[in-house]
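Text of coords.csv, listed as CSV, C-alpha atoms:
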```
chain,number,residue,atom,x,y,z
A,1419,MET,CA,18.5,11.4,89.9
A,1420,VAL,CA,19.3,14.4,87.7
A,1421,PHE,CA,22.4,14.9,85.5
A,1422,ARG,CA,24.1,18.2,85.9
A,1423,ILE,CA,24.4,18.4,82.1
A,1424,PHE,CA,24.2,22.1,81.6
A,1425,SER,CA,26.9,23.1,84.1
A,1426,VAL,CA,29.3,20.5,82.6
A,1427,VAL,CA,28.6,21.0,79.0
A,1428,LEU,CA,28.4,24.8,78.9
A,1429,THR,CA,31.9,25.1,80.4
A,1430,ALA,CA,33.4,22.4,78.2
A,1431,PHE,CA,31.5,22.2,74.9
A,1432,LEU,CA,33.8,24.4,72.8
A,1433,THR,CA,37.0,22.8,73.9
A,1434,THR,CA,36.2,19.1,74.5
A,1435,SER,CA,35.2,16.1,72.5
A,1436,CYS,CA,31.9,14.3,72.7
A,1437,ALA,CA,33.8,11.4,74.5
A,1438,GLN,CA,35.1,13.8,77.1
A,1439,ILE,CA,31.7,15.2,77.8
A,1440,ASN,CA,30.1,11.8,78.1
A,1441,THR,CA,32.9,10.4,80.3
A,1442,THR,CA,32.6,13.4,82.6
A,1443,LEU,CA,28.8,13.0,82.9
A,1444,LEU,CA,29.0,9.3,83.5
A,1445,ALA,CA,31.7,9.6,86.1
A,1446,GLN,CA,30.1,12.4,88.2
A,1447,ASP,CA,29.7,12.0,91.9
A,1448,ALA,CA,26.0,12.3,91.7
A,1449,LEU,CA,25.7,8.8,90.2
A,1450,GLN,CA,27.4,7.3,93.3
A,1451,GLY,CA,29.4,4.7,91.3
A,1452,ARG,CA,26.7,3.4,88.9
A,1453,ASP,CA,26.3,0.2,90.8
A,1454,ASN,CA,23.8,-2.2,89.4
A,1455,LEU,CA,20.2,-1.9,90.8
A,1456,SER,CA,20.9,1.6,92.1
A,1457,ALA,CA,19.4,5.0,91.4
A,1458,GLY,CA,22.6,6.0,89.7
A,1459,SER,CA,22.3,3.0,87.4
A,1460,THR,CA,18.7,3.9,86.5
A,1461,ALA,CA,19.9,7.5,85.7
A,1462,VAL,CA,22.6,6.2,83.4
A,1463,GLN,CA,20.1,3.9,81.6
A,1464,ASN,CA,17.8,6.8,80.9
A,1465,TYR,CA,20.7,9.0,79.7
A,1466,LEU,CA,22.0,6.2,77.4
A,1467,ILE,CA,18.5,5.7,75.9
A,1468,GLY,CA,18.2,9.4,75.3
A,1469,GLN,CA,21.5,9.5,73.6
A,1470,LEU,CA,20.8,6.5,71.5
A,1471,SER,CA,17.3,7.4,70.4
A,1472,GLY,CA,18.3,11.0,69.8
A,1473,GLY,CA,21.1,9.7,67.6
A,1474,GLY,CA,18.7,7.7,65.5
A,1475,ALA,CA,19.2,4.2,67.0
A,1476,SER,CA,16.2,2.0,67.9
A,1477,GLY,CA,15.8,-0.5,70.7
A,1478,LEU,CA,17.0,-4.0,70.0
A,1479,ASN,CA,14.4,-5.8,72.2
A,1480,SER,CA,11.4,-6.4,69.9
A,1481,ALA,CA,9.4,-7.5,72.9
A,1482,GLY,CA,9.4,-4.0,74.3
A,1483,ALA,CA,8.1,-0.6,73.1
A,1484,GLY,CA,9.5,2.9,73.6
A,1485,ASP,CA,12.3,3.0,76.2
A,1486,ALA,CA,11.6,-0.7,77.1
A,1487,ALA,CA,12.8,-1.7,73.7
A,1488,PHE,CA,16.3,-0.6,74.7
A,1489,LYS,CA,16.3,-2.7,77.9
A,1490,GLN,CA,17.1,-6.3,78.5
A,1491,VAL,CA,16.3,-6.8,82.2
A,1492,PHE,CA,17.8,-9.7,84.1
A,1493,PRO,CA,17.8,-10.5,87.9
A,1494,THR,CA,20.8,-8.3,88.8
A,1495,GLY,CA,20.6,-5.5,86.3
A,1496,THR,CA,19.6,-4.1,82.9
A,1497,ASN,CA,21.5,-4.3,79.7
A,1498,ILE,CA,20.9,-1.4,77.3
A,1499,MET,CA,20.8,-2.6,73.7
A,1500,ALA,CA,20.4,-0.5,70.6
A,1501,LEU,CA,20.3,-1.2,66.9
A,1502,ILE,CA,21.5,0.8,63.9
A,1503,PRO,CA,20.0,-1.1,60.9
A,1504,GLY,CA,22.2,-2.0,58.0
A,1505,THR,CA,21.4,-1.8,54.3
A,1506,ASP,CA,22.0,-4.7,51.9
A,1507,MET,CA,23.7,-6.9,54.6
A,1508,ALA,CA,21.2,-6.0,57.4
A,1509,ASP,CA,20.8,-9.6,58.5
A,1510,GLU,CA,24.5,-9.7,59.6
A,1511,TYR,CA,25.4,-7.9,62.8
A,1512,VAL,CA,28.5,-6.2,64.3
A,1513,MET,CA,28.3,-5.7,68.0
A,1514,VAL,CA,30.2,-2.9,69.8
A,1515,GLY,CA,30.0,-2.8,73.6
A,1516,ALA,CA,31.2,-1.8,77.1
A,1517,HIS,CA,29.9,-2.3,80.6
A,1518,TYR,CA,28.3,0.8,82.2
A,1519,ASP,CA,28.2,-0.4,85.8
A,1520,HIS,CA,30.8,0.3,88.4
A,1521,LEU,CA,30.9,0.0,92.2
A,1522,ALA,CA,29.2,1.3,95.3
A,1523,GLY,CA,32.3,0.7,97.4
A,1524,CYS,CA,36.0,0.5,96.6
A,1525,THR,CA,39.4,1.4,98.0
A,1526,VAL,CA,39.4,5.0,99.4
A,1527,VAL,CA,42.6,6.9,98.4
A,1528,SER,CA,41.7,10.4,99.6
A,1529,ALA,CA,40.0,11.3,102.8
A,1530,GLY,CA,36.5,12.5,102.3
A,1531,ASP,CA,36.1,11.0,98.9
A,1532,THR,CA,34.1,7.8,99.0
A,1533,VAL,CA,32.6,7.8,95.5
A,1534,CYS,CA,33.9,5.1,93.1
A,1535,ASN,CA,33.5,7.2,89.9
A,1536,GLY,CA,34.8,4.6,87.5
A,1537,ALA,CA,36.0,7.2,85.0
A,1538,THR,CA,38.4,4.9,83.1
A,1539,ASP,CA,36.5,1.8,84.3
A,1540,ASN,CA,34.3,2.1,82.4
A,1541,ALA,CA,32.7,5.5,81.7
A,1542,ALA,CA,35.4,6.1,79.0
A,1543,GLY,CA,34.5,2.7,77.4
A,1544,VAL,CA,30.8,3.7,77.3
A,1545,ALA,CA,31.7,7.0,75.8
A,1546,ALA,CA,33.6,5.2,73.1
A,1547,VAL,CA,30.6,3.1,72.2
A,1548,ILE,CA,28.4,6.2,72.1
A,1549,ASP,CA,30.8,7.9,69.8
A,1550,ILE,CA,30.9,5.0,67.4
A,1551,GLY,CA,27.1,4.8,67.4
A,1552,LEU,CA,26.8,8.5,66.6
A,1553,HIS,CA,29.4,8.2,63.8
A,1554,LEU,CA,27.6,5.3,62.2
A,1555,SER,CA,24.2,7.0,62.5
A,1556,LEU,CA,25.3,9.7,60.1
A,1557,VAL,CA,23.8,9.2,56.6
A,1558,ALA,CA,27.2,9.3,55.0
A,1559,ASN,CA,28.4,6.5,57.2
A,1560,ARG,CA,25.3,4.3,56.9
A,1561,PRO,CA,26.5,0.7,57.5
A,1562,ARG,CA,25.9,-2.2,55.2
A,1563,ARG,CA,25.8,-4.6,58.2
A,1564,SER,CA,23.6,-3.8,61.1
A,1565,VAL,CA,25.2,-2.6,64.3
A,1566,ILE,CA,24.3,-3.6,67.9
A,1567,LEU,CA,25.4,-1.1,70.6
A,1568,ALA,CA,25.6,-3.0,73.8
A,1569,PHE,CA,25.9,-1.5,77.3
A,1570,TRP,CA,26.3,-4.3,79.8
A,1571,ASP,CA,25.2,-4.1,83.4
A,1572,SER,CA,26.5,-6.2,86.3
A,1573,GLU,CA,30.0,-6.7,84.8
A,1574,GLU,CA,31.6,-6.0,88.1
A,1575,ASP,CA,29.6,-8.9,89.6
A,1576,GLY,CA,31.1,-11.5,87.3
A,1577,LEU,CA,30.2,-10.5,83.7
A,1578,LEU,CA,26.6,-11.2,84.4
A,1579,GLY,CA,25.0,-8.9,81.9
A,1580,SER,CA,26.9,-10.2,78.9
A,1581,GLU,CA,26.4,-13.8,80.2
A,1582,TYR,CA,22.7,-13.2,80.3
A,1583,TYR,CA,22.7,-11.9,76.8
A,1584,VAL,CA,24.7,-14.9,75.5
A,1585,ASP,CA,22.1,-17.2,77.2
A,1586,ASN,CA,19.2,-15.1,75.9
A,1587,PRO,CA,20.4,-13.4,72.7
A,1588,LEU,CA,18.1,-10.8,71.2
A,1589,ILE,CA,19.7,-11.5,67.8
A,1590,PRO,CA,21.0,-15.0,67.0
A,1591,LEU,CA,24.6,-15.3,67.9
A,1592,ALA,CA,25.3,-17.1,64.6
A,1593,ASP,CA,24.3,-13.8,62.9
A,1594,THR,CA,26.8,-11.8,64.9
A,1595,VAL,CA,29.9,-11.4,62.7
A,1596,ALA,CA,32.1,-9.9,65.4
A,1597,TYR,CA,32.1,-8.2,68.8
A,1598,ILE,CA,34.4,-5.2,69.8
A,1599,ASN,CA,34.7,-4.7,73.6
A,1600,PHE,CA,36.0,-1.7,75.6
A,1601,ASP,CA,36.9,-1.9,79.2
A,1602,ILE,CA,39.3,0.6,80.9
A,1603,LEU,CA,40.3,3.2,78.3
A,1604,GLY,CA,42.1,6.5,78.5
A,1605,SER,CA,44.3,5.1,81.3
A,1606,ASN,CA,48.0,5.2,81.9
A,1607,ILE,CA,49.6,2.5,84.1
A,1608,LEU,CA,53.1,4.0,84.1
A,1609,PRO,CA,54.7,7.1,82.8
A,1610,SER,CA,56.8,5.0,80.4
A,1611,LEU,CA,53.6,3.4,79.0
A,1612,ARG,CA,51.6,6.5,78.3
A,1613,ASN,CA,51.6,5.7,74.6
A,1614,VAL,CA,50.8,2.0,75.0
A,1615,SER,CA,47.4,0.3,74.8
A,1616,ILE,CA,46.4,-3.3,74.4
A,1617,ALA,CA,44.2,-5.3,72.0
A,1618,VAL,CA,43.3,-8.8,73.2
A,1619,GLY,CA,41.8,-11.8,71.5
A,1620,ALA,CA,41.7,-10.9,67.8
A,1621,GLU,CA,42.9,-14.5,67.0
A,1622,SER,CA,39.4,-15.6,67.8
A,1623,GLY,CA,38.3,-14.2,64.4
A,1624,GLY,CA,41.2,-15.7,62.5
A,1625,ALA,CA,43.4,-13.9,60.0
A,1626,PRO,CA,40.7,-11.5,58.9
A,1627,LEU,CA,40.1,-10.0,62.4
A,1628,ILE,CA,43.8,-10.0,63.2
A,1629,GLY,CA,44.5,-8.1,59.9
A,1630,GLY,CA,41.6,-5.7,60.5
A,1631,VAL,CA,42.9,-4.8,64.0
A,1632,GLN,CA,46.4,-4.3,62.6
A,1633,SER,CA,45.1,-2.1,59.8
A,1634,ALA,CA,43.1,0.0,62.2
A,1635,ILE,CA,46.0,0.4,64.6
A,1636,GLY,CA,48.3,1.3,61.7
A,1637,THR,CA,46.5,4.5,61.0
A,1638,GLU,CA,47.5,6.0,64.4
A,1639,THR,CA,50.7,6.5,66.4
A,1640,LEU,CA,49.4,4.9,69.6
A,1641,ASP,CA,51.5,1.7,70.3
A,1642,VAL,CA,48.7,-0.9,70.6
A,1643,LYS,CA,50.2,-4.3,71.5
A,1644,MET,CA,48.2,-7.3,70.4
A,1645,PHE,CA,47.9,-10.3,72.8
A,1646,SER,CA,46.1,-13.6,72.7
A,1647,GLU,CA,42.7,-13.9,74.5
A,1648,ILE,CA,44.2,-15.6,77.6
A,1649,PHE,CA,46.0,-12.4,78.5
A,1650,GLY,CA,42.6,-10.8,79.1
A,1651,GLN,CA,42.3,-13.3,82.0
A,1652,GLY,CA,38.6,-13.7,81.4
A,1653,ARG,CA,38.0,-10.3,83.1
A,1654,SER,CA,35.7,-8.5,80.7
A,1655,ASP,CA,32.6,-9.2,78.6
A,1656,HIS,CA,34.4,-10.3,75.5
A,1657,ALA,CA,35.1,-13.6,77.3
A,1658,ASN,CA,31.4,-14.6,77.2
A,1659,LEU,CA,31.1,-13.8,73.5
A,1660,ILE,CA,34.2,-15.7,72.6
A,1661,ALA,CA,33.0,-18.7,74.7
A,1662,ALA,CA,29.8,-18.6,72.6
A,1663,GLY,CA,31.7,-18.7,69.4
A,1664,VAL,CA,31.6,-15.0,68.4
A,1665,PRO,CA,34.9,-13.5,67.0
A,1666,SER,CA,35.9,-10.8,69.4
A,1667,VAL,CA,38.6,-8.2,70.2
A,1668,PHE,CA,39.0,-6.5,73.5
A,1669,PHE,CA,40.6,-3.0,73.7
A,1670,THR,CA,41.9,-2.0,77.1
A,1671,ASP,CA,44.7,-0.2,79.0
A,1672,SER,CA,44.8,-2.9,81.7
A,1673,THR,CA,44.7,-2.2,85.4
A,1674,GLY,CA,46.8,0.5,86.9
A,1675,PRO,CA,47.1,1.9,90.5
A,1676,CYS,CA,43.7,3.7,90.3
A,1677,TYR,CA,41.8,0.5,89.5
A,1678,HIS,CA,38.8,0.1,91.7
A,1679,THR,CA,39.7,3.0,93.9
A,1680,THR,CA,38.0,6.4,94.5
A,1681,GLY,CA,40.9,7.9,92.6
A,1682,ASP,CA,39.5,6.6,89.2
A,1683,ASP,CA,37.8,9.9,88.5
A,1684,ILE,CA,37.9,12.4,85.7
A,1685,SER,CA,41.2,13.9,86.7
A,1686,VAL,CA,43.1,10.7,85.7
A,1687,VAL,CA,41.6,10.2,82.2
A,1688,ASP,CA,44.0,10.8,79.3
A,1689,PHE,CA,41.5,12.2,76.8
A,1690,ASP,CA,44.0,12.5,74.0
A,1691,LYS,CA,44.7,8.8,74.3
A,1692,LEU,CA,41.0,8.0,74.6
A,1693,ASN,CA,40.2,9.9,71.4
A,1694,THR,CA,42.9,8.0,69.6
A,1695,GLN,CA,41.5,4.7,70.8
A,1696,ILE,CA,38.1,5.7,69.5
A,1697,ARG,CA,39.5,6.6,66.1
A,1698,ILE,CA,41.1,3.1,66.0
A,1699,ALA,CA,37.9,1.5,67.0
A,1700,ILE,CA,35.9,3.4,64.4
A,1701,ASN,CA,38.3,2.3,61.7
A,1702,LEU,CA,37.9,-1.3,62.7
A,1703,THR,CA,34.1,-1.0,63.0
A,1704,GLU,CA,33.9,0.6,59.5
A,1705,GLN,CA,35.9,-2.3,58.1
A,1706,LEU,CA,33.4,-4.7,59.7
A,1707,VAL,CA,30.2,-3.0,58.8
A,1708,SER,CA,31.2,-2.3,55.2
A,1709,GLY,CA,31.5,-6.0,54.5
A,1710,ALA,CA,35.2,-5.6,53.7
A,1711,LEU,CA,36.1,-7.7,56.7
A,1712,THR,CA,34.5,-11.0,57.7
A,1713,PRO,CA,36.0,-12.8,60.7
A,1714,VAL,CA,35.8,-16.5,60.9
A,1715,PHE,CA,35.7,-17.9,64.5
A,1716,ASP,CA,38.8,-19.9,65.3
A,1717,GLY,CA,38.5,-22.0,68.4
A,1718,SER,CA,41.7,-23.9,67.6
A,1719,ALA,CA,44.2,-21.1,68.3
A,1720,PRO,CA,46.8,-22.0,71.0
A,1721,PRO,CA,46.3,-20.2,74.3
A,1722,ALA,CA,49.5,-18.1,73.7
A,1723,THR,CA,52.2,-17.9,71.2
A,1724,TYR,CA,55.8,-16.9,70.7
A,1725,GLU,CA,54.5,-13.6,69.2
A,1726,ASP,CA,52.9,-12.9,72.6
A,1727,ALA,CA,56.3,-13.4,74.2
A,1728,VAL,CA,57.8,-10.9,71.8
A,1729,GLU,CA,55.1,-8.3,72.6
A,1730,PHE,CA,55.2,-8.9,76.3
A,1731,ASP,CA,59.0,-8.7,76.4
A,1732,ALA,CA,58.9,-5.4,74.6
A,1733,LEU,CA,56.3,-4.1,77.1
A,1734,MET,CA,58.4,-5.1,80.1
A,1735,GLN,CA,61.6,-3.6,78.6
A,1736,GLN,CA,59.8,-0.3,78.1
A,1737,ALA,CA,58.4,-0.4,81.7
A,1738,LEU,CA,61.9,-0.8,83.1
A,1739,VAL,CA,62.4,2.9,82.7
A,1740,ASP,CA,60.1,3.3,85.7
A,1741,ILE,CA,61.7,0.6,87.9
A,1742,GLY,CA,62.5,3.2,90.5
A,1743,ARG,CA,58.8,3.7,91.3
A,1744,PHE,CA,58.7,0.2,93.0
A,1745,SER,CA,60.0,-1.1,96.3
A,1746,PRO,CA,63.5,-2.9,96.3
A,1747,ALA,CA,61.7,-6.3,96.6
A,1748,ASP,CA,59.4,-5.5,93.6
A,1749,GLN,CA,62.4,-4.2,91.6
A,1750,ALA,CA,64.2,-7.5,92.1
A,1751,ASN,CA,61.1,-9.4,91.0
A,1752,LEU,CA,60.7,-7.2,88.0
A,1753,LEU,CA,64.3,-7.7,86.9
A,1754,ALA,CA,64.0,-11.5,87.3
A,1755,TRP,CA,60.8,-11.5,85.2
A,1756,VAL,CA,62.4,-9.3,82.5
A,1757,SER,CA,65.4,-11.7,82.4
A,1758,THR,CA,63.1,-14.7,82.0
A,1759,MET,CA,61.1,-13.1,79.2
A,1760,ALA,CA,64.3,-11.9,77.4
A,1761,ALA,CA,65.6,-15.5,77.5
A,1762,ILE,CA,62.4,-16.9,76.1
A,1763,VAL,CA,62.5,-14.5,73.2
A,1764,SER,CA,66.2,-15.0,72.6
A,1765,ASP,CA,65.7,-18.8,72.3
A,1766,GLY,CA,63.5,-18.1,69.2
A,1767,PRO,CA,60.1,-19.5,68.1
A,1768,ALA,CA,61.3,-23.0,67.4
A,1769,ALA,CA,62.2,-23.5,71.1
A,1770,PHE,CA,58.9,-22.0,72.4
A,1771,GLY,CA,57.2,-24.7,74.4
A,1772,ALA,CA,54.8,-25.5,77.2
A,1773,ASP,CA,57.2,-24.4,79.9
A,1774,ASP,CA,57.8,-21.1,78.3
A,1775,LEU,CA,54.1,-20.5,77.8
A,1776,ASN,CA,53.3,-21.3,81.5
A,1777,ASN,CA,56.2,-19.1,82.7
A,1778,MET,CA,55.0,-16.2,80.6
A,1779,LEU,CA,51.4,-16.4,81.8
A,1780,LEU,CA,52.5,-16.6,85.4
A,1781,ILE,CA,54.8,-13.6,84.9
A,1782,ALA,CA,51.9,-11.7,83.2
A,1783,LEU,CA,49.6,-12.3,86.2
A,1784,GLN,CA,52.3,-11.1,88.6
A,1785,VAL,CA,53.1,-8.0,86.5
A,1786,VAL,CA,49.4,-7.0,86.3
A,1787,SER,CA,49.2,-7.3,90.1
A,1788,LEU,CA,52.4,-5.2,90.5
A,1789,LEU,CA,51.2,-2.5,88.1
A,1790,ALA,CA,47.9,-2.2,90.0
A,1791,SER,CA,49.8,-1.4,93.2
A,1792,GLY,CA,51.2,1.9,94.5
A,1793,GLU,CA,49.7,5.4,94.7
A,1794,CYS,CA,46.9,6.3,92.4
A,1795,ASP,CA,48.2,8.5,89.6
A,1796,GLY,CA,47.0,9.1,86.0
A,1797,PHE,CA,50.6,9.7,84.9
A,1798,LEU,CA,49.3,12.5,82.7
A,1799,GLU,CA,51.9,14.6,80.9
A,1800,GLY,CA,52.4,18.2,82.0
```
Turn this file's structure into structure tokens for me.
Amino acid sequence: MVFRIFSVVLTAFLTTSCAQINTTLLAQDALQGRDNLSAGSTAVQNYLIGQLSGGGASGLNSAGAGDAAFKQVFPTGTNIMALIPGTDMADEYVMVGAHYDHLAGCTVVSAGDTVCNGATDNAAGVAAVIDIGLHLSLVANRPRRSVILAFWDSEEDGLLGSEYYVDNPLIPLADTVAYINFDILGSNILPSLRNVSIAVGAESGGAPLIGGVQSAIGTETLDVKMFSEIFGQGRSDHANLIAAGVPSVFFTDSTGPCYHTTGDDISVVDFDKLNTQIRIAINLTEQLVSGALTPVFDGSAPPATYEDAVEFDALMQQALVDIGRFSPADQANLLAWVSTMAAIVSDGPAAFGADDLNNMLLIALQVVSLLASGECDGFLEG
């Protein structure tokens, strides 16, 4: 399997970001969806190792040598794991990761196109991790804490790559200060939500991680809404790290109408949004690797809070601008859900109880399903 690097890079190098180049390479048809245990997957592994070793990172797996040191092989795939060593806090680790696998088969949305490119899911997330690694490899940005760059395989089969790592960690989980996860970036799920993204699960690291995420978001104009971990629905690799007691935050754009379709190709990626998401992630990572921010795992946080209701209500009110895109039946459902959420918020935090929590989570499930329906469209401006 050969990457068409030169034809892509030579036409785009002067006008595109590193993230755009890497997303384009990882989402090309030649890789046939990057399914685990495929030739396309092997090609991606080799490309990632080349990028990481060329950028100065070393393999995390001390049992291997050369390229094998970057690999953690398990029955259904291969995690690619790299290390950027820290300085005076080198025995503490910050992990940044994204799954690189996608699918061999998915919903076909255009006749003749059968490749599940997975551009937003999750080539863009992988590109974000590469960018962060390259940034931290620069001498001027040398981290105090060590950094693990994790590229998970077999996520689409049930988070199996990160599950294997948690069960067989290459670095003690107790020494992992925090994990930052990316899954579905540079994606717009509605025209009205182009400037919206989501951060899930920061409460797992207590006030320090919540504050760090808020600080990182505050430097940009992207409207990143923060939700409790349950809103992630256990659908990405952060769930395994949180279950193992590692403070984690999950950055995502959720699932839109191109999710798991052949339409999730390079044409629907919002690269301006992706570059902003990467700047936010770099800001947060720098806080963590500098020692300025030390999350403390909090397993006692409630599954969801009144603050979640406020954020979710605001998101739904914003989406109402596009209600005409849905069928009459879906419009009626959406209006009913919006009304329920508005009432929960209006009642105030003192009245927020178990029934409100359950209603909110049920509505969230239904809204995610609704937004993933319809014609595949990246809703890019212009």
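Taking atom CA of A:Phe1715 as the reference point, atom CA of A:Glu1647 is found at 12.8 Å.
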Counting all atoms listed in the file, which residues of stretch 1680-1736 of chain A sit at most 7 Å from some atom of stretch 1558-1573 of chain A, and what is each one's closest atom pair with its distance in Å to one decimal, listed by chain and rising residue number, as a Markdown table?
```
| residue | atom | partner | partner_atom | distance |
| --- | --- | --- | --- | --- |
| A:Val1707 | CA | A:Arg1563 | CA | 4.7 |
| A:Ser1708 | CA | A:Arg1562 | CA | 5.3 |
| A:Gly1709 | CA | A:Arg1562 | CA | 6.8 |
```
Between atom CA of A:Ala1657 and atom CA of A:Tyr1724, distance in Å (one decimal) |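 Between atom CA of A:Ala1657 and atom CA of A:Tyr1724 the gap works out to 22.0 Å.
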Could you give me, as number ranges by chain, the residues that sit within 8 Å of (42.4, 1.9, 92.4) in the file's coordinates, counting all atoms listed in the file?
-> A: 1524-1525, 1527, 1674-1682, 1790, 1794
Please, which residues are within 8 Å of (45.2, -7.3, 87.2) by the file's coordinates, counting only C-alpha atoms, and could they come as a ChimeraX atom specification?
-> /A:1672-1674,1783,1785-1787,1789-1790
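Considering all atoms listed in the file, the residue among A:Asp1509, A:Asp1485, A:Asp1641, A:Glu1704 positioned nearest to A:Ile1598 is A:Glu1704.
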Tell me which protein, DNA and RNA residues are within 7 Å of A:His1656, counting all atoms listed in the file, leaving out same-chain ones fewer than 6 positions away, and put them as a list of chain:residue names.
->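 In the requested format, the answer is A:Asn1599, A:Ser1666, A:Phe1668.
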Between atom CA of A:Thr1694 and atom CA of A:Ile1602, measure the distance and give it in Å to one decimal.
->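 Between these atoms lies a distance of 14.0 Å.
Residue nearest A:Ala1754, chosen from A:Val1728, A:Leu1478, A:Ile1781, A:Ile1550 and counting only C-alpha atoms: A:Ile1781.
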Option closest in space to A:Ile1439, from A:Ala1537, A:Ile1498, A:Val1491, A:Leu1798 [counting all atoms listed in the file] |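 Comparing A:Ala1537, A:Ile1498, A:Val1491, A:Leu1798 against A:Ile1439, the winner is A:Ala1537.
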Find, counting all atoms listed in the file, the residue in A:Leu1702, A:Val1756, A:Ala1732, A:Ala1522 that gets nearest to A:Tyr1597.
->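 Between A:Leu1702, A:Val1756, A:Ala1732, A:Ala1522, the residue approaching A:Tyr1597 most closely is A:Leu1702.
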Give the answer as one residue: which of A:Ile1616, A:Ala1625, A:Val1547, A:Val1514 has the shortest atom-to-atom distance to A:Val1642, using all atoms listed in the file?
->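 For A:Val1642, the nearest of the candidates is A:Ile1616.
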Polymer residues at most 6 Å from A:Asp1519, only C-alpha atoms, same-chain spacing of 5 or more positions, as a list in words |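 After dropping sequence-adjacent residues, the list is Arg1452, Asp1453, Asn1454 and Asp1571 of chain A.
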Would you mind telling me which residue in A:Phe1488, A:Tyr1518, A:Phe1770, A:Tyr1583 lies nearest to A:Leu1449 when using all atoms listed in the file?
->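 Ranked by minimum distance to A:Leu1449, first place goes to A:Tyr1518.
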Output stretch 1725-1736 of chain A as a PDB file, in the frame of the given file, making sure N, CA and C atoms are there.
```pdb
ATOM      1  N   GLU A1725      54.757 -15.017  69.491  1.00  0.00           N
ATOM      2  CA  GLU A1725      54.500 -13.600  69.200  1.00  0.00           C
ATOM      3  C   GLU A1725      54.027 -12.862  70.446  1.00  0.00           C
ATOM      4  N   ASP A1726      53.245 -13.547  71.299  1.00  0.00           N
ATOM      5  CA  ASP A1726      52.900 -12.900  72.600  1.00  0.00           C
ATOM      6  C   ASP A1726      54.093 -12.651  73.420  1.00  0.00           C
ATOM      7  N   ALA A1727      55.032 -13.590  73.423  1.00  0.00           N
ATOM      8  CA  ALA A1727      56.300 -13.400  74.200  1.00  0.00           C
ATOM      9  C   ALA A1727      57.038 -12.196  73.718  1.00  0.00           C
ATOM     10  N   VAL A1728      57.098 -12.018  72.409  1.00  0.00           N
ATOM     11  CA  VAL A1728      57.800 -10.900  71.800  1.00  0.00           C
ATOM     12  C   VAL A1728      57.171  -9.563  72.284  1.00  0.00           C
ATOM     13  N   GLU A1729      55.839  -9.492  72.201  1.00  0.00           N
ATOM     14  CA  GLU A1729      55.100  -8.300  72.600  1.00  0.00           C
ATOM     15  C   GLU A1729      55.261  -8.025  74.095  1.00  0.00           C
ATOM     16  N   PHE A1730      55.136  -9.082  74.886  1.00  0.00           N
ATOM     17  CA  PHE A1730      55.200  -8.900  76.300  1.00  0.00           C
ATOM     18  C   PHE A1730      56.622  -8.527  76.771  1.00  0.00           C
ATOM     19  N   ASP A1731      57.618  -9.102  76.139  1.00  0.00           N
ATOM     20  CA  ASP A1731      59.000  -8.700  76.400  1.00  0.00           C
ATOM     21  C   ASP A1731      59.228  -7.240  76.118  1.00  0.00           C
ATOM     22  N   ALA A1732      58.729  -6.792  74.980  1.00  0.00           N
ATOM     23  CA  ALA A1732      58.900  -5.400  74.600  1.00  0.00           C
ATOM     24  C   ALA A1732      58.200  -4.469  75.607  1.00  0.00           C
ATOM     25  N   LEU A1733      57.020  -4.870  76.071  1.00  0.00           N
ATOM     26  CA  LEU A1733      56.300  -4.100  77.100  1.00  0.00           C
ATOM     27  C   LEU A1733      57.065  -3.964  78.363  1.00  0.00           C
ATOM     28  N   MET A1734      57.632  -5.075  78.811  1.00  0.00           N
ATOM     29  CA  MET A1734      58.400  -5.100  80.100  1.00  0.00           C
ATOM     30  C   MET A1734      59.672  -4.283  79.955  1.00  0.00           C
ATOM     31  N   GLN A1735      60.346  -4.400  78.825  1.00  0.00           N
ATOM     32  CA  GLN A1735      61.600  -3.600  78.600  1.00  0.00           C
ATOM     33  C   GLN A1735      61.271  -2.131  78.684  1.00  0.00           C
ATOM     34  N   GLN A1736      60.154  -1.750  78.107  1.00  0.00           N
ATOM     35  CA  GLN A1736      59.800  -0.300  78.100  1.00  0.00           C
ATOM     36  C   GLN A1736      59.442   0.119  79.542  1.00  0.00           C
TER      37      GLN A1736
END
```
